[in-house]
Structure formats: structure tokens, C-alpha cells
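One structure is given below, encoded as C-alpha cells.
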Amino acid sequence: MTDISSPPEEGDAIEHLKEDDEEDEEALPHSEFLDIFEEGLALIVQDPLLCDLPIQVTLEEVNSQVALEYGQAMTVRVCKADGEVMPIVVVQQATVLHLKKAIRRYYELKQQREGGIKHISWRYVWRTFHLVYNGEKLDDDSKKLKDYAIRNRDEVTFVKKLRKK
């Protein structure tokens, strides 16, 4: 039993903390830790600000949603020929290249969650398709989306390039 009148020595306190940490590490297996983490994440995603996010949300998606709420990002709706609309989140100062990378990331996450095609040749995609906004091709990767007058919730379309004969 420790004497209450005399404070414990600093070395004893540090040693006691190390023992507690070792006990905590041994007491909680990885699978249980993951279960606790996923439960906490599920609660966070129930927040009205984050309710649109999927259950297997990434930190990147949470940050994007928060940036949208604070007006630091915008959603560009990318439409495919089959009618699918992809809500792509990019920062306000994003370039066409940022949009293309965000589309790629969107597809990677979608494939991880749903399965399906394992590899997409993005070089082929960008050689075969244009991104078009109001009839104008977004062909300059370094040009900002704002310079094309693209704003929050605007629609950009995938259009197949015509081959020159």
C-alpha cells in the first residue's frame, strides 16, 4: 500500500503507465479494436452533415464532406453515357487534372466497395473520352474549373472522342 502523504516518485508513475499500456495492448485483440472503431465510425456517419457518406467511409471522404460544408469545395456531377451520375468533390480552386484524379479515386473506392473490374487504364480513358461542360471540351489539364465557369453542382459529361480519318 502506498503512503498517501508522500507523492510517488516520477519513475514509479512512468513504469506504472507502461504496465497499463502493455495490459491494454494485450487485453484488446485487433478484431475487437476494429469492431469498436467501426461502431464509432457508424455513429459519426449518422451525423446529418455526414449522412450521405457510405458505411466504409474513408478519411478523405469525411474531409471532403466537411470542406463542402464550409464552402471550401464543390461537387461536380459527372455524367456518363449510360446515365450514371457521379458526384465528384473537388476544392474550389481545382484544375481539370484535379477533377480527373478525383474521378479516378471515385472509381477506385466504388470498385473496392462493390467489386467488379479490377483495373482501368486511365490513359486509355482520357485518350478515348473528353470531359465536356456546356459544349466546351475541358482539354487543358492545367486550367481551373472556375475558368470554364464550372460551379457547385454543375454537370460535366463524358463524351467519346471522334476519330479523325
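Identifiers in the C-alpha cells: chain A, B, ... in order shown; residue index from 1 per chain; ligand index from 1 in order shown.
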TODO: Can you pull out every residue within 9 Å of A:Gln93, counting only C-alpha atoms, but drop anything in the same chain fewer than 3 positions away, and send it as a ChimeraX atom specification?
DONE: /A:72-73,90,144-146
Output all heavy atoms of each residue in that selection to a file, as a CSV table (one decimal), in the first residue's frame.
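Result file out-v5.csv:
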chain,number,residue,atom,x,y,z
A,72,GLN,N,-15.4,25.3,-49.0
A,72,GLN,CA,-14.0,25.2,-49.5
A,72,GLN,C,-13.9,24.2,-50.7
A,72,GLN,O,-12.9,24.1,-51.3
A,72,GLN,CB,-13.1,24.7,-48.4
A,72,GLN,CG,-13.0,25.7,-47.2
A,72,GLN,CD,-12.4,25.1,-46.0
A,72,GLN,OE1,-12.2,23.8,-45.9
A,72,GLN,NE2,-12.0,25.9,-45.1
A,73,ALA,N,-15.0,23.5,-50.9
A,73,ALA,CA,-15.0,22.5,-52.0
A,73,ALA,C,-16.4,22.6,-52.8
A,73,ALA,O,-17.3,23.3,-52.3
A,73,ALA,CB,-14.8,21.1,-51.5
A,90,VAL,N,-14.4,18.3,-55.4
A,90,VAL,CA,-13.1,18.9,-55.6
A,90,VAL,C,-13.0,20.2,-54.9
A,90,VAL,O,-14.0,20.8,-54.6
A,90,VAL,CB,-12.7,19.1,-57.1
A,90,VAL,CG1,-12.6,17.8,-57.8
A,90,VAL,CG2,-13.8,19.9,-57.8
A,144,LYS,N,-8.1,26.0,-64.5
A,144,LYS,CA,-9.0,25.9,-63.4
A,144,LYS,C,-10.5,25.7,-63.9
A,144,LYS,O,-10.9,26.2,-64.9
A,144,LYS,CB,-8.9,27.1,-62.5
A,144,LYS,CG,-7.6,27.2,-61.8
A,144,LYS,CD,-7.6,28.3,-60.8
A,144,LYS,CE,-6.2,28.3,-60.1
A,144,LYS,NZ,-6.1,29.3,-59.0
A,145,LEU,N,-11.2,24.9,-63.1
A,145,LEU,CA,-12.6,24.7,-63.4
A,145,LEU,C,-13.4,26.0,-63.4
A,145,LEU,O,-14.3,26.2,-64.2
A,145,LEU,CB,-13.2,23.7,-62.4
A,145,LEU,CG,-12.6,22.3,-62.4
A,145,LEU,CD1,-13.3,21.4,-61.3
A,145,LEU,CD2,-12.8,21.6,-63.8
A,146,LYS,N,-13.0,26.9,-62.5
A,146,LYS,CA,-13.6,28.2,-62.5
A,146,LYS,C,-13.5,29.0,-63.8
A,146,LYS,O,-14.4,29.7,-64.2
A,146,LYS,CB,-13.0,29.1,-61.4
A,146,LYS,CG,-13.5,28.8,-60.0
A,146,LYS,CD,-13.2,29.9,-59.0
A,146,LYS,CE,-11.8,30.4,-59.0
A,146,LYS,NZ,-11.5,31.3,-57.9
Open item on the list: Residues near stretch 106-122 of chain A, anyone? I mean within 12 Å using only C-alpha atoms, not counting same-chain ones fewer than 3 positions away, as a list in words.
Closed with: Pro54, Ile55, Gln56, Val57, Thr58, Glu60, Glu61, Arg77, Val78, Val85, Met86, Pro87, Ile88, Val89, Val90, Leu99, Lys100, Lys101, Ala102, Ile103, Val125, Trp126, Arg127, Thr128 and Phe129 of chain A
TODO: Could you please determine the separation between atom CA of A:Asp154 and atom CA of A:Thr75 in Å, to one decimal place?
DONE: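 These two atoms are separated by 7.6 Å.
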Which neighbours of A:Asp52 fall inside 12 Å, counting only C-alpha atoms, when residues of the same chain fewer than 5 positions from it are skipped, and could you give them as a PDB file with N, CA and C atoms, in the first residue's frame?
ATOM      1  N   ILE A  44     -20.579   8.252 -36.178  1.00  0.00           N
ATOM      2  CA  ILE A  44     -20.156   9.524 -36.772  1.00  0.00           C
ATOM      3  C   ILE A  44     -20.883   9.766 -38.091  1.00  0.00           C
ATOM      4  N   VAL A  45     -21.020   8.716 -38.894  1.00  0.00           N
ATOM      5  CA  VAL A  45     -21.647   8.847 -40.213  1.00  0.00           C
ATOM      6  C   VAL A  45     -23.144   9.148 -40.090  1.00  0.00           C
ATOM      7  N   GLN A  46     -23.741   8.907 -38.926  1.00  0.00           N
ATOM      8  CA  GLN A  46     -25.156   9.231 -38.719  1.00  0.00           C
ATOM      9  C   GLN A  46     -25.380  10.726 -38.548  1.00  0.00           C
ATOM     10  N   ASP A  47     -24.312  11.489 -38.347  1.00  0.00           N
ATOM     11  CA  ASP A  47     -24.411  12.935 -38.227  1.00  0.00           C
ATOM     12  C   ASP A  47     -25.056  13.496 -39.493  1.00  0.00           C
ATOM     13  N   VAL A  57     -16.588   4.485 -44.988  1.00  0.00           N
ATOM     14  CA  VAL A  57     -16.096   5.811 -45.351  1.00  0.00           C
ATOM     15  C   VAL A  57     -14.590   5.927 -45.111  1.00  0.00           C
ATOM     16  N   GLU A  61     -12.958  11.076 -47.662  1.00  0.00           N
ATOM     17  CA  GLU A  61     -14.366  11.390 -47.917  1.00  0.00           C
ATOM     18  C   GLU A  61     -14.949  12.267 -46.810  1.00  0.00           C
ATOM     19  N   VAL A  62     -14.575  12.001 -45.572  1.00  0.00           N
ATOM     20  CA  VAL A  62     -15.044  12.835 -44.458  1.00  0.00           C
ATOM     21  C   VAL A  62     -14.510  14.261 -44.621  1.00  0.00           C
ATOM     22  N   SER A  64     -13.596  15.746 -47.355  1.00  0.00           N
ATOM     23  CA  SER A  64     -14.270  16.368 -48.498  1.00  0.00           C
ATOM     24  C   SER A  64     -15.646  16.883 -48.112  1.00  0.00           C
ATOM     25  N   GLN A  65     -16.377  16.085 -47.350  1.00  0.00           N
ATOM     26  CA  GLN A  65     -17.724  16.482 -46.936  1.00  0.00           C
ATOM     27  C   GLN A  65     -17.675  17.712 -46.023  1.00  0.00           C
ATOM     28  N   VAL A  66     -16.700  17.746 -45.126  1.00  0.00           N
ATOM     29  CA  VAL A  66     -16.544  18.902 -44.241  1.00  0.00           C
ATOM     30  C   VAL A  66     -16.158  20.138 -45.057  1.00  0.00           C
ATOM     31  N   PRO A  87     -21.162  12.016 -58.249  1.00  0.00           N
ATOM     32  CA  PRO A  87     -20.909  13.269 -57.527  1.00  0.00           C
ATOM     33  C   PRO A  87     -19.434  13.333 -57.116  1.00  0.00           C
TER      34      PRO A  87
END
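If you look at atom CA of A:His130 and atom CA of A:Glu84, they are 16.2 Å away from each other.
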- [ ] Quote the spacing between atom CA of A:Val91 and atom CA of A:Asp147 in Å to one decimal place.
- [x]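 Calculated distance between atom CA of A:Val91 and atom CA of A:Asp147 is 13.9 Å.
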